[in-house]
Every structure is written in structure tokens, then in C-alpha cells.
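Novice: model00.pdb is reproduced in full below (PDB, C-alpha atoms).
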ATOM      1  CA  MET A  99       2.533 -95.711  34.501
ATOM      2  CA  LYS A 100       5.156 -93.037  33.956
ATOM      3  CA  VAL A 101       5.608 -91.982  30.341
ATOM      4  CA  SER A 102       8.474 -90.020  28.796
ATOM      5  CA  LYS A 103       8.181 -86.307  27.929
ATOM      6  CA  LEU A 104       8.389 -87.132  24.226
ATOM      7  CA  MET A 105       5.524 -89.604  24.652
ATOM      8  CA  LEU A 106       3.464 -86.926  26.429
ATOM      9  CA  VAL A 107       4.144 -84.572  23.495
ATOM     10  CA  ASN A 108       3.082 -87.433  21.211
ATOM     11  CA  HIS A 109      -0.186 -87.787  23.148
ATOM     12  CA  MET A 110      -0.820 -84.040  22.834
ATOM     13  CA  CYS A 111      -0.096 -84.300  19.104
ATOM     14  CA  MET A 112      -2.731 -87.060  18.873
ATOM     15  CA  VAL A 113      -5.382 -84.733  20.332
ATOM     16  CA  LEU A 114      -4.389 -81.893  17.978
ATOM     17  CA  ILE A 115      -4.399 -84.296  15.004
ATOM     18  CA  ALA A 116      -7.940 -85.434  15.876
ATOM     19  CA  ILE A 117      -9.198 -81.820  15.889
ATOM     20  CA  THR A 118      -7.311 -80.440  12.883
ATOM     21  CA  LEU A 119      -7.700 -83.566  10.730
ATOM     22  CA  PHE A 120     -11.462 -83.533  11.322
ATOM     23  CA  LEU A 121     -11.549 -79.873  10.196
ATOM     24  CA  HIS A 122      -9.340 -80.659   7.182
ATOM     25  CA  LEU A 123     -11.588 -83.538   6.069
ATOM     26  CA  ALA A 124     -14.671 -81.390   6.742
ATOM     27  CA  THR A 125     -13.378 -78.709   4.336
ATOM     28  CA  HIS A 126     -13.391 -81.411   1.646
ATOM     29  CA  ALA A 127     -16.832 -82.747   2.501
ATOM     30  CA  PHE A 128     -19.325 -80.257   3.943
ATOM     31  CA  LEU A 129     -17.596 -77.260   5.590
ATOM     32  CA  GLY A 130     -17.856 -74.313   3.171
ATOM     33  CA  VAL A 131     -17.984 -76.531   0.068
ATOM     34  CA  SER A 132     -20.832 -78.058  -1.917
ATOM     35  CA  GLY A 133     -19.172 -81.471  -2.205
ATOM     36  CA  TYR A 134     -15.955 -83.465  -2.523
ATOM     37  CA  GLU A 135     -15.352 -82.868  -6.257
ATOM     38  CA  ALA A 136     -16.054 -79.138  -5.868
ATOM     39  CA  SER A 137     -13.568 -78.914  -2.980
ATOM     40  CA  LEU A 138     -10.769 -80.013  -5.326
ATOM     41  CA  GLU A 139     -11.393 -77.243  -7.894
ATOM     42  CA  PRO A 140      -8.173 -75.183  -8.186
ATOM     43  CA  ASN A 141      -9.892 -71.917  -7.194
ATOM     44  CA  VAL A 142     -11.532 -73.492  -4.126
ATOM     45  CA  VAL A 143      -8.236 -75.061  -2.995
ATOM     46  CA  LYS A 144      -6.407 -71.761  -3.495
ATOM     47  CA  THR A 145      -9.091 -69.895  -1.521
ATOM     48  CA  HIS A 146      -8.559 -72.341   1.363
ATOM     49  CA  TYR A 147      -4.822 -71.638   1.375
ATOM     50  CA  GLU A 148      -5.423 -67.854   1.228
ATOM     51  CA  ASP A 149      -7.701 -67.960   4.277
ATOM     52  CA  THR A 150      -5.541 -67.224   7.340
ATOM     53  CA  ALA A 151      -7.427 -69.507   9.745
ATOM     54  CA  THR A 152      -7.374 -72.454   7.306
ATOM     55  CA  ALA A 153      -3.692 -71.911   6.462
ATOM     56  CA  PHE A 154      -2.866 -71.814  10.189
ATOM     57  CA  MET A 155      -4.893 -74.978  10.775
ATOM     58  CA  LEU A 156      -3.060 -76.737   7.935
ATOM     59  CA  GLY A 157       0.286 -75.604   9.382
ATOM     60  CA  VAL A 158      -0.587 -77.018  12.817
ATOM     61  CA  LEU A 159      -1.814 -80.270  11.224
ATOM     62  CA  LEU A 160       1.421 -80.595   9.260
ATOM     63  CA  VAL A 161       3.667 -80.123  12.305
ATOM     64  CA  VAL A 162       1.755 -82.471  14.625
ATOM     65  CA  LEU A 163       1.341 -85.122  11.901
ATOM     66  CA  ALA A 164       5.052 -85.006  11.056
ATOM     67  CA  PHE A 165       5.994 -85.346  14.745
ATOM     68  CA  HIS A 166       3.518 -88.143  15.458
ATOM     69  CA  SER A 167       4.261 -90.175  12.321
ATOM     70  CA  ILE A 168       8.038 -89.925  12.474
ATOM     71  CA  PHE A 169       8.175 -90.447  16.268
ATOM     72  CA  SER A 170       5.997 -93.558  15.930
ATOM     73  CA  PHE A 171       8.015 -94.867  12.977
ATOM     74  CA  LYS A 172      11.193 -94.304  15.018
ATOM     75  CA  THR A 173       9.682 -96.393  17.836
ATOM     76  CA  THR A 174       8.915 -99.201  15.359
ATOM     77  CA  LEU A 175      12.478 -99.134  13.992
ATOM     78  CA  LEU A 176      13.970 -99.222  17.512
ATOM     79  CA  GLU A 177      11.728-102.167  18.369
ATOM     80  CA  TRP A 178      12.975-104.031  15.296
ATOM     81  CA  ARG A 179      16.722-103.657  15.924
ATOM     82  CA  HIS A 180      18.866-102.619  18.866
ATOM     83  CA  GLY A 181      22.319-101.148  19.370
ATOM     84  CA  LYS A 182      23.960 -97.809  20.037
ATOM     85  CA  THR A 183      24.822 -97.038  16.400
ATOM     86  CA  TRP A 184      21.376 -98.070  15.176
ATOM     87  CA  SER A 185      19.636 -95.961  17.852
ATOM     88  CA  LYS A 186      21.727 -92.921  16.994
ATOM     89  CA  ALA A 187      21.175 -93.360  13.243
ATOM     90  CA  VAL A 188      17.409 -93.779  13.698
ATOM     91  CA  LYS A 189      17.203 -90.761  16.030
ATOM     92  CA  TRP A 190      19.028 -88.398  13.673
ATOM     93  CA  GLY A 191      17.392 -89.901  10.588
ATOM     94  CA  ALA A 192      13.962 -89.281  12.166
ATOM     95  CA  ILE A 193      14.856 -85.674  12.988
ATOM     96  CA  VAL A 194      16.090 -85.010   9.426
ATOM     97  CA  VAL A 195      13.034 -86.634   7.785
ATOM     98  CA  ALA A 196      10.625 -84.739  10.080
ATOM     99  CA  VAL A 197      12.352 -81.413   9.379
ATOM    100  CA  VAL A 198      12.306 -82.057   5.607
ATOM    101  CA  MET A 199       8.600 -82.995   5.720
ATOM    102  CA  VAL A 200       7.658 -79.887   7.713
ATOM    103  CA  ALA A 201       9.830 -77.606   5.565
ATOM    104  CA  PHE A 202       8.365 -78.990   2.314
ATOM    105  CA  GLY A 203       4.777 -78.764   3.575
ATOM    106  CA  MET A 204       5.281 -75.277   5.028
ATOM    107  CA  TRP A 205       6.728 -74.113   1.706
ATOM    108  CA  THR A 206       3.468 -75.173   0.010
ATOM    109  CA  ILE A 207       1.256 -73.538   2.672
ATOM    110  CA  VAL A 208       3.186 -70.245   2.932
ATOM    111  CA  ALA A 209       3.784 -69.848  -0.818
ATOM    112  CA  ALA A 210       0.121 -70.602  -1.621
ATOM    113  CA  TYR A 211      -0.944 -68.156   1.131
ATOM    114  CA  ILE A 212       1.246 -65.329  -0.194
ATOM    115  CA  THR A 213       0.904 -65.686  -3.976
ATOM    116  CA  ARG A 214      -2.224 -64.450  -5.735
ATOM    117  CA  TRP A 215      -3.626 -65.818  -9.005
TER
ATOM    118  CA  MET B 886      26.274-140.814  32.191
ATOM    119  CA  ASN B 887      26.945-138.722  29.125
ATOM    120  CA  ALA B 888      25.036-135.474  29.173
ATOM    121  CA  GLU B 889      23.551-134.133  25.951
ATOM    122  CA  PRO B 890      25.530-131.197  24.569
ATOM    123  CA  PRO B 891      23.693-127.863  24.715
ATOM    124  CA  ALA B 892      21.736-127.094  21.587
ATOM    125  CA  ILE B 893      23.507-124.550  19.416
ATOM    126  CA  ALA B 894      21.537-122.677  16.803
ATOM    127  CA  THR B 895      22.747-123.396  13.296
ATOM    128  CA  THR B 896      23.288-120.581  10.796
ATOM    129  CA  SER B 897      20.030-121.356   9.016
ATOM    130  CA  GLU B 898      18.134-121.308  12.334
ATOM    131  CA  THR B 899      19.688-117.955  13.251
ATOM    132  CA  GLU B 900      18.798-116.547   9.836
ATOM    133  CA  SER B 901      15.278-117.888  10.246
ATOM    134  CA  ARG B 902      14.950-116.202  13.666
ATOM    135  CA  LYS B 903      16.202-112.897  12.225
ATOM    136  CA  LYS B 904      13.614-113.110   9.435
ATOM    137  CA  THR B 905      10.873-113.919  11.931
ATOM    138  CA  ARG B 906      11.887-110.977  14.107
ATOM    139  CA  PHE B 907      11.859-108.588  11.129
ATOM    140  CA  LEU B 908       8.212-109.328  10.336
ATOM    141  CA  GLY B 909       7.429-110.902  13.698
ATOM    142  CA  TRP B 910       4.679-108.374  14.388
ATOM    143  CA  ILE B 911       2.776-109.927  11.451
ATOM    144  CA  PHE B 912       3.666-113.623  11.475
ATOM    145  CA  ASP B 913       4.300-114.484  15.142
ATOM    146  CA  LYS B 914       1.341-116.218  16.801
ATOM    147  CA  PRO B 915      -1.102-116.170  18.605
ATOM    148  CA  TRP B 916      -3.428-113.999  16.503
ATOM    149  CA  HIS B 917      -5.967-112.944  19.127
ATOM    150  CA  LEU B 918      -8.118-109.804  18.945
ATOM    151  CA  GLU B 919      -5.570-107.436  20.530
ATOM    152  CA  ARG B 920      -2.848-108.848  18.299
ATOM    153  CA  ILE B 921      -4.941-108.225  15.180
ATOM    154  CA  GLY B 922      -5.596-104.710  16.494
ATOM    155  CA  MET B 923      -1.854-104.179  16.924
ATOM    156  CA  MET B 924      -1.095-105.496  13.419
ATOM    157  CA  LEU B 925      -3.758-103.275  11.883
ATOM    158  CA  HIS B 926      -2.582-100.270  13.901
ATOM    159  CA  ARG B 927       0.963-100.680  12.666
ATOM    160  CA  ALA B 928      -0.050-101.443   9.068
ATOM    161  CA  THR B 929      -2.390 -98.435   8.924
ATOM    162  CA  GLY B 930       0.286 -96.246  10.541
ATOM    163  CA  LEU B 931       2.903 -97.188   7.947
ATOM    164  CA  GLY B 932       0.369 -96.822   5.139
ATOM    165  CA  LEU B 933      -0.740 -93.400   6.366
ATOM    166  CA  LEU B 934       2.891 -92.246   6.633
ATOM    167  CA  LEU B 935       3.418 -93.181   2.963
ATOM    168  CA  TYR B 936       0.151 -91.465   2.039
ATOM    169  CA  LEU B 937       1.215 -88.322   3.947
ATOM    170  CA  VAL B 938       4.402 -88.068   1.859
ATOM    171  CA  PHE B 939       2.384 -88.606  -1.348
ATOM    172  CA  HIS B 940      -0.215 -86.032  -0.219
ATOM    173  CA  LEU B 941       2.466 -83.416   0.526
ATOM    174  CA  VAL B 942       3.917 -83.874  -2.980
ATOM    175  CA  VAL B 943       0.504 -83.735  -4.701
ATOM    176  CA  THR B 944      -0.702 -80.642  -2.828
ATOM    177  CA  ASN B 945       2.539 -78.868  -3.742
ATOM    178  CA  ALA B 946       1.157 -78.839  -7.318
ATOM    179  CA  ILE B 947      -0.968 -75.832  -6.302
ATOM    180  CA  LEU B 948       2.211 -73.737  -6.656
ATOM    181  CA  GLY B 949       2.419 -74.732 -10.336
ATOM    182  CA  GLY B 950      -0.686 -72.721 -11.229
ATOM    183  CA  ARG B 951      -4.383 -73.298 -11.911
ATOM    184  CA  VAL B 952      -3.943 -75.429 -15.066
ATOM    185  CA  PHE B 953      -1.172 -77.617 -13.640
ATOM    186  CA  PHE B 954      -3.139 -78.300 -10.440
ATOM    187  CA  ALA B 955      -6.293 -79.102 -12.446
ATOM    188  CA  ASP B 956      -4.258 -81.536 -14.586
ATOM    189  CA  ILE B 957      -2.904 -83.310 -11.509
ATOM    190  CA  MET B 958      -6.388 -83.519  -9.959
ATOM    191  CA  GLY B 959      -7.695 -84.831 -13.286
ATOM    192  CA  MET B 960      -5.075 -87.597 -13.241
ATOM    193  CA  LEU B 961      -6.177 -88.575  -9.719
ATOM    194  CA  SER B 962      -9.882 -88.480 -10.520
ATOM    195  CA  ASN B 963     -10.442 -92.148 -11.353
ATOM    196  CA  PRO B 964     -12.184 -95.065  -9.586
ATOM    197  CA  ALA B 965      -8.925 -96.637  -8.338
ATOM    198  CA  ALA B 966      -7.793 -93.361  -6.740
ATOM    199  CA  HIS B 967     -11.237 -92.830  -5.196
ATOM    200  CA  ILE B 968     -11.158 -96.317  -3.658
ATOM    201  CA  GLY B 969      -7.667 -95.539  -2.368
ATOM    202  CA  GLU B 970      -8.980 -92.348  -0.727
ATOM    203  CA  ILE B 971     -11.828 -94.287   0.915
ATOM    204  CA  VAL B 972      -9.309 -96.832   2.267
ATOM    205  CA  VAL B 973      -7.209 -93.944   3.621
ATOM    206  CA  VAL B 974     -10.219 -92.459   5.460
ATOM    207  CA  GLY B 975     -11.064 -95.904   6.902
ATOM    208  CA  ALA B 976      -7.447 -96.318   8.015
ATOM    209  CA  VAL B 977      -7.552 -92.874   9.654
ATOM    210  CA  GLY B 978     -10.752 -93.816  11.526
ATOM    211  CA  PHE B 979      -9.307 -97.079  12.855
ATOM    212  CA  HIS B 980      -5.823 -95.711  13.605
ATOM    213  CA  GLY B 981      -7.267 -92.668  15.389
ATOM    214  CA  ILE B 982      -9.618 -94.499  17.755
ATOM    215  CA  ASN B 983      -7.219 -97.398  18.351
ATOM    216  CA  GLY B 984      -4.460 -94.852  19.056
ATOM    217  CA  PHE B 985      -6.599 -93.292  21.798
ATOM    218  CA  ARG B 986      -7.250 -96.781  23.197
ATOM    219  CA  LEU B 987      -3.480 -97.409  23.362
ATOM    220  CA  ALA B 988      -2.889 -93.989  24.944
ATOM    221  CA  LEU B 989      -5.557 -94.700  27.592
ATOM    222  CA  ILE B 990      -3.907 -98.066  28.312
ATOM    223  CA  SER B 991      -0.426 -96.521  28.533
ATOM    224  CA  VAL B 992      -1.572 -93.935  31.116
ATOM    225  CA  GLY B 993      -3.430 -96.656  33.043
ATOM    226  CA  VAL B 994      -7.028 -95.493  32.520
ATOM    227  CA  ILE B 995      -8.476 -98.701  31.024
ATOM    228  CA  SER B 996      -5.675-101.176  31.751
ATOM    229  CA  GLY B 997      -7.219-102.761  34.881
ATOM    230  CA  ARG B 998      -5.596-103.429  38.255
ATOM    231  CA  PRO B 999      -2.625-105.815  38.442
ATOM    232  CA  HIS B1000      -3.122-109.064  40.405
ATOM    233  CA  ARG B1001      -1.363-112.372  41.066
ATOM    234  CA  PRO B1002      -1.199-114.476  37.867
ATOM    235  CA  ASP B1003      -3.508-117.424  38.683
ATOM    236  CA  TYR B1004      -4.693-120.061  36.238
ATOM    237  CA  PRO B1005      -6.050-119.551  33.525
ATOM    238  CA  TYR B1006      -3.739-116.516  33.455
ATOM    239  CA  LYS B1007      -6.093-113.855  32.145
ATOM    240  CA  ALA B1008      -4.239-110.561  31.789
ATOM    241  CA  PRO B1009      -6.066-107.775  33.667
ATOM    242  CA  SER B1010      -5.121-105.379  30.882
ATOM    243  CA  LEU B1011      -7.260-107.345  28.409
ATOM    244  CA  ASN B1012     -10.563-106.444  30.036
ATOM    245  CA  ASN B1013     -13.987-105.514  28.687
ATOM    246  CA  LYS B1014     -13.237-101.762  28.634
ATOM    247  CA  GLU B1015     -10.165-102.354  26.508
ATOM    248  CA  LYS B1016     -11.990-104.831  24.251
ATOM    249  CA  GLY B1017     -14.909-102.402  23.893
ATOM    250  CA  ALA B1018     -12.510 -99.650  22.837
ATOM    251  CA  LEU B1019     -10.993-101.961  20.221
ATOM    252  CA  TRP B1020     -14.407-102.927  18.830
ATOM    253  CA  THR B1021     -15.244 -99.188  18.771
ATOM    254  CA  ALA B1022     -12.142 -98.650  16.623
ATOM    255  CA  PHE B1023     -13.325-101.339  14.180
ATOM    256  CA  GLY B1024     -16.802 -99.760  14.149
ATOM    257  CA  VAL B1025     -15.428 -96.261  13.515
ATOM    258  CA  ALA B1026     -13.319 -97.627  10.646
ATOM    259  CA  VAL B1027     -16.439 -99.063   9.009
ATOM    260  CA  ALA B1028     -18.387 -95.833   9.644
ATOM    261  CA  SER B1029     -15.494 -93.806   8.161
ATOM    262  CA  VAL B1030     -15.493 -95.956   5.031
ATOM    263  CA  LEU B1031     -19.266 -95.497   4.648
ATOM    264  CA  ALA B1032     -19.040 -91.714   5.192
ATOM    265  CA  ALA B1033     -16.121 -91.399   2.758
ATOM    266  CA  SER B1034     -17.977 -93.499   0.174
ATOM    267  CA  PHE B1035     -20.989 -91.206   0.553
ATOM    268  CA  TYR B1036     -18.945 -88.044  -0.019
ATOM    269  CA  ILE B1037     -16.441 -89.328  -2.592
ATOM    270  CA  LEU B1038     -18.469 -91.768  -4.730
ATOM    271  CA  LEU B1039     -21.953 -90.262  -4.361
ATOM    272  CA  GLY B1040     -20.832 -86.627  -4.219
ATOM    273  CA  GLY B1041     -22.284 -85.964  -0.756
TER
END
Could you spell out this file's structure in C-alpha cells?
Specialist:
Amino acid sequence: MKVSKLMLVNHMCMVLIAITLFLHLATHAFLGVSGYEASLEPNVVKTHYEDTATAFMLGVLLVVLAFHSIFSFKTTLLEWRHGKTWSKAVKWGAIVVAVVMVAFGMWTIVAAYITRW
Amino acid sequence: MNAEPPAIATTSETESRKKTRFLGWIFDKPWHLERIGMMLHRATGLGLLLYLVFHLVVTNAILGGRVFFADIMGMLSNPAAHIGEIVVVGAVGFHGINGFRLALISVGVISGRPHRPDYPYKAPSLNNKEKGALWTAFGVAVASVLAASFYILLGG
């Protein structure tokens, strides 16, 4: 079955989410930490953000999660109601929400990466 | 012979249909296995989207300094929040595997070959491969909950 380009991007996002989300959860369970509670200590969290590879991984996870979640939510909203105005509103609303989510998350990642305690 | 006039939906019927359509993905029947999978996929997706927004706001607290972040983490370190985190991990496990099942169906890998619809009208897309993938999603959700419980409640 032929799928749209956006859906193909969505499928690629799903693969990237599986990899980066596993790594993200691992850094709170067993990867470089002694346990879950210890992984939430302020110094440990800050060290994660200051590590370039981890910060990059979090950035990728943020972008692909924002795309996948908002694209899927847009699909649900278009399934619920139809019409030209509704479609246009949902499309632009989804773009704005996704951009805001990525911008807010990136602000956290970049600022935590740059600033030193 | 007088013919019956065509049935016209009354306002209350129309309103009722609109309401059904709004939450039709939950309340419309039949509730077979794939339908339950679809309901859970959508419910976990919406829940995870809300959690993502919450998570982005909470993690932003790291910019407020060591003490502020520790305070926020202290507020979230209670049994209810821990159970919520375990539910989130379970939802991620189910949504992830079921999402791959849906992707494999949409590209035609496990959807079966189309054939003439003969009685008892079994859809070729609802085959054992597809059902196995759905049961795998349920199994991974349970395994995710157990793993999360191990790390979050028992400290790994």
C-alpha cells in the first residue's frame, strides 16, 4: 500500500523514538547510574545534560517525539471532524504546537548544556 | 398504495449521532481484540502526549538551580507519582510495539493477501501474524510494568 511522505517520516520517527527512548530510560535505570532515585539527583541530571552525546540524544528524542505525537494527534482530530476550515486549522495548530514544544524543550537542553553550576 | 415517508432523523437523533461519533472509537461496538488494541493505542497515545508536555515542564526546572530542581523532584517522589511513572512505562511498551504492528500492516508486511469475501467473511488482515503481534504488544506492556516496578519501587 502506498503511504504519504509525511507517514514515511512518521515511520522513521518511530524507529528513532524506539532507539533514543530506550537510551533515555536506560540512563534512569542502569546506564551510568546506580539506580532510579540516584539518576534524579540534581548533579547527576545536570551531568547528563552537560554530556554532548546525551544532550544530542535528548535533542533528537525531543524532535522525533514532537513530530510523531503531534502528527498522530492531528490524524485523530481529522478523523473526528471534516471540512476545509477544520483541516486548515488543525494543520496550522499542529505546526504551532510542535514548534512550541520543540523550542521549549530545546531551550532546556541547550541552556542546561551551556550553563555550569 | 400509500408509501411510507422516508425516515428523517430528528434533532435528538442527530445530536446523539454526533455524540457517538465524537467518542465513537471508545463506545461503538463490536469490541473484538483488534478494536481493544486500537482503543488502547489511542488512549495511551493521548495519555503519553499529555505526559510529554508535563515532562517538558518538569525537566525545565533544572534551569532553576540545584535546590529548586531537588525541591521539584522531592514533590514528585511519592507513591502516587511512582505508580504514575510505572503506568507511563507500561503505556510506552504497549504503544511502541502496537505502533510497529500498525506500521507493518500499513506497509503490507503482515496484512495478508486480499481475497473474495466469502462467508463467514473473515478479513485476511486479521490473521495469526497480526494477532500474534498484538498479543506481543500486551506482553511487552506487562513486561515494561514489571521492569519499571523493579527499578522505581525496588530501586533496581
Novice: Could you list the residues chosen by the ChimeraX specification (/B :<6) & /A in this structure as a list of chain:residue names?
Specialist: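 Those residues are A:Met99, A:Gly133, A:Tyr134, A:Pro140, A:Thr206.
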Novice: What separation in Å, quoted to one decimal, exists between atom CA of Val973 of chain B and atom CA of Val208 of chain A?
Specialist: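 Separating atom CA of Val973 of chain B from atom CA of Val208 of chain A is a distance of 25.9 Å.
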Novice: Mind running segment 154-207 of chain A against segment 109-129 of chain A at 7 Å and telling me each contacting residue's nearest atom pair with the distance in Å (one decimal), counting all atoms listed in the file, chain and number ascending, as a Markdown table?
Specialist:
| residue | atom | partner | partner_atom | distance |
| --- | --- | --- | --- | --- |
| A:Met155 | CA | A:Thr118 | CA | 6.3 |
| A:Leu159 | CA | A:Thr118 | CA | 5.7 |
| A:Val162 | CA | A:Cys111 | CA | 5.2 |
| A:Leu163 | CA | A:Ile115 | CA | 6.6 |
| A:His166 | CA | A:Cys111 | CA | 6.4 |
Novice: Could you check which of A:Ser170, A:Thr213, A:Thr150, A:Ser102 is closest to Ala192 of chain A, using only C-alpha atoms?
Specialist: A:Ser170
Novice: Can you pull out the residues contacting Gly191 of chain A? Cut-off 10 Å, using all atoms listed in the file, and skip same-chain residues under 6 positions away; I want them as an MDAnalysis selection string.
Specialist: chainID A and resid 168 172 185 197
Novice: Please indicate the distance in Å from atom CA of Ile995 of chain B to atom CA of Leu1011 of chain B, rounded to one decimal place.
Specialist: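 Taking atom CA of Ile995 of chain B and atom CA of Leu1011 of chain B, their separation equals 9.1 Å.
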Novice: Which residues match the PyMOL selection byres ((chain B and resi 998) around 8) in the file above, as an mmCIF file with C-alpha atoms, in the frame of the given file?
Specialist:
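Result file is out26.cif:
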data_model
loop_
_atom_site.group_PDB
_atom_site.id
_atom_site.type_symbol
_atom_site.label_atom_id
_atom_site.label_comp_id
_atom_site.auth_asym_id
_atom_site.auth_seq_id
_atom_site.Cartn_x
_atom_site.Cartn_y
_atom_site.Cartn_z
ATOM 1 C CA SER B 996 -5.675 -101.176 31.751
ATOM 2 C CA GLY B 997 -7.219 -102.761 34.881
ATOM 3 C CA PRO B 999 -2.625 -105.815 38.442
ATOM 4 C CA HIS B 1000 -3.122 -109.064 40.405
ATOM 5 C CA PRO B 1009 -6.066 -107.775 33.667
ATOM 6 C CA SER B 1010 -5.121 -105.379 30.882
#
Novice: Interatomic distance between atom CA of Ala976 of chain B and atom CA of Phe169 of chain A?
Specialist: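 Between these atoms lies a distance of 18.6 Å.
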Novice: Which centre and which edge lengths, in Å to one decimal, describe the axis-aligned box that holds all listed atoms of segment 972-976 of chain B after 8 Å is added on each side, as AutoDock Vina command-line options?
Specialist:
--center_x -9.1 --center_y -94.6 --center_z 5.1 --size_x 19.9 --size_y 20.4 --size_z 21.7
Novice: What residues come out when you apply the PyMOL selection byres ((chain B and resi 1020) around 12) to this file, written as a PDB file with C-alpha atoms, in the coordinates of the input?
Specialist:
ATOM      1  CA  LEU B 918      -8.118-109.804  18.945  1.00  0.00           C
ATOM      2  CA  GLU B 919      -5.570-107.436  20.530  1.00  0.00           C
ATOM      3  CA  ILE B 921      -4.941-108.225  15.180  1.00  0.00           C
ATOM      4  CA  GLY B 922      -5.596-104.710  16.494  1.00  0.00           C
ATOM      5  CA  PHE B 979      -9.307 -97.079  12.855  1.00  0.00           C
ATOM      6  CA  ILE B 982      -9.618 -94.499  17.755  1.00  0.00           C
ATOM      7  CA  ASN B 983      -7.219 -97.398  18.351  1.00  0.00           C
ATOM      8  CA  ARG B 986      -7.250 -96.781  23.197  1.00  0.00           C
ATOM      9  CA  ASN B1013     -13.987-105.514  28.687  1.00  0.00           C
ATOM     10  CA  LYS B1014     -13.237-101.762  28.634  1.00  0.00           C
ATOM     11  CA  GLU B1015     -10.165-102.354  26.508  1.00  0.00           C
ATOM     12  CA  LYS B1016     -11.990-104.831  24.251  1.00  0.00           C
ATOM     13  CA  GLY B1017     -14.909-102.402  23.893  1.00  0.00           C
ATOM     14  CA  ALA B1018     -12.510 -99.650  22.837  1.00  0.00           C
ATOM     15  CA  LEU B1019     -10.993-101.961  20.221  1.00  0.00           C
ATOM     16  CA  THR B1021     -15.244 -99.188  18.771  1.00  0.00           C
ATOM     17  CA  ALA B1022     -12.142 -98.650  16.623  1.00  0.00           C
ATOM     18  CA  PHE B1023     -13.325-101.339  14.180  1.00  0.00           C
ATOM     19  CA  GLY B1024     -16.802 -99.760  14.149  1.00  0.00           C
ATOM     20  CA  VAL B1025     -15.428 -96.261  13.515  1.00  0.00           C
ATOM     21  CA  ALA B1026     -13.319 -97.627  10.646  1.00  0.00           C
ATOM     22  CA  VAL B1027     -16.439 -99.063   9.009  1.00  0.00           C
TER      23      VAL B1027
END
Novice: Might you pull out every residue within 10 Å of Met204 of chain A, with only C-alpha atoms counted and same-chain residues fewer than 2 positions away left off, and present them as a PyMOL selection string?
Specialist: (chain A and resi 153+156-158+160-161+198-202+206-210) or (chain B and resi 941+945)
Novice: Go through B:Val972, B:Met960, B:Met924, B:Val1030 one by one, measure the shortest atom-to-atom distance of each to Phe912 of chain B using only C-alpha atoms, and give the residue with the smallest value.
Specialist: B:Met924
